[in-house]
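In what follows, a single structure is set out as structure tokens and then discussed.
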Amino acid sequence: MGVIAAVHQNRWSDRLLRSLSYIGQGFPSFITALLLLILAQRLSPWLPVGDMTSIDYADLSGLGKVLDIAWHMILPTIALSIASFAGLQRITRGQLLEVLRQDYIRTARAKGYPRTALFMATPCATPSTP
């Protein structure tokens, strides 16, 4: 999403993604978890919102128990990872915009390289290095 925001800088998609990332980083994880619980309870009967295991947990096989616990960990995992993804999106957008402003990118554009080939070859690889 950071790449999309950088490519479409200052357009509606960039503004929307920036707003979502600010909200994602601004909310504490427990508030996000509560909102996800309310949303899952209202909209989706498939996601468990109660205990960490199902009612018939004792009757399940070993693999069934592992899958049951993993099924109950979906919402907590999403709630804890939203802030991390929001921060990663902002970092990716900033680094990619910095690379897109480099002289060699402007030179390649002036020489007539296709935008998609140029974008995928160089700018996406540079910010991903540590």
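Residues are referred to by chain and number: the chain letter is A, B, ... according to the order shown in the structure tokens, the number counts from 1 in that chain, and ligands are numbered separately from 1 in the order shown.
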Skip region 35-47 of chain A itself and residues of its chain fewer than 5 positions away, then list as a PyMOL selection string all residues within 10 Å of it, counting only C-alpha atoms.
chain A and resi 29-30+71-76+78-79
Those selected residues, please, written with C-alpha atoms and delivered as a compact mmCIF listing (two decimals), in the first residue's frame.
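Resulting contents of out08.txt:
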```txt
# COMPACT_ATOMS: atom_id res chain seq x y z
CA SER A 29 -4.09 -2.05 19.94
CA PHE A 30 -6.74 -2.80 22.56
CA TRP A 71 -8.69 -20.17 14.19
CA HIS A 72 -9.27 -18.31 17.45
CA MET A 73 -6.07 -16.30 17.03
CA ILE A 74 -7.11 -14.62 13.77
CA LEU A 75 -8.68 -11.49 15.28
CA PRO A 76 -5.95 -10.87 17.90
CA ILE A 78 -5.03 -8.73 12.95
CA ALA A 79 -5.51 -6.29 15.83
```
Residue contacts of Arg93 (chain A) (9 Å, only C-alpha atoms) excluding same-chain residues fewer than 2 positions away, as a list in words:
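The residues that qualify are Met1, Gly2, Val3, Ile4, Ala5, Ala6, Val7, Leu88, Gln89, Arg90, Ile91, Gln95, Leu96, Leu97 and Glu98 of chain A.
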Quick one, how far is CA of Ser54 (chain A) from CA of Phe85 (chain A)?
29.3 Å
Atomic distance CA of Arg18 (chain A) - CA of Gly87 (chain A), expressed in Å with one decimal
10.3 Å
Counting only C-alpha atoms, the residue of A:Gly26, A:Phe119, A:Gly112, A:Pro48 that sits nearest Val99 (chain A):
A:Phe119
Which residues are near Pro28 (chain A)? Cut-off 10 Å, only C-alpha atoms, ignore same chain within fewer than 5 positions. Put them as a ChimeraX atom specification.
/A:23,33,79-80,82-83
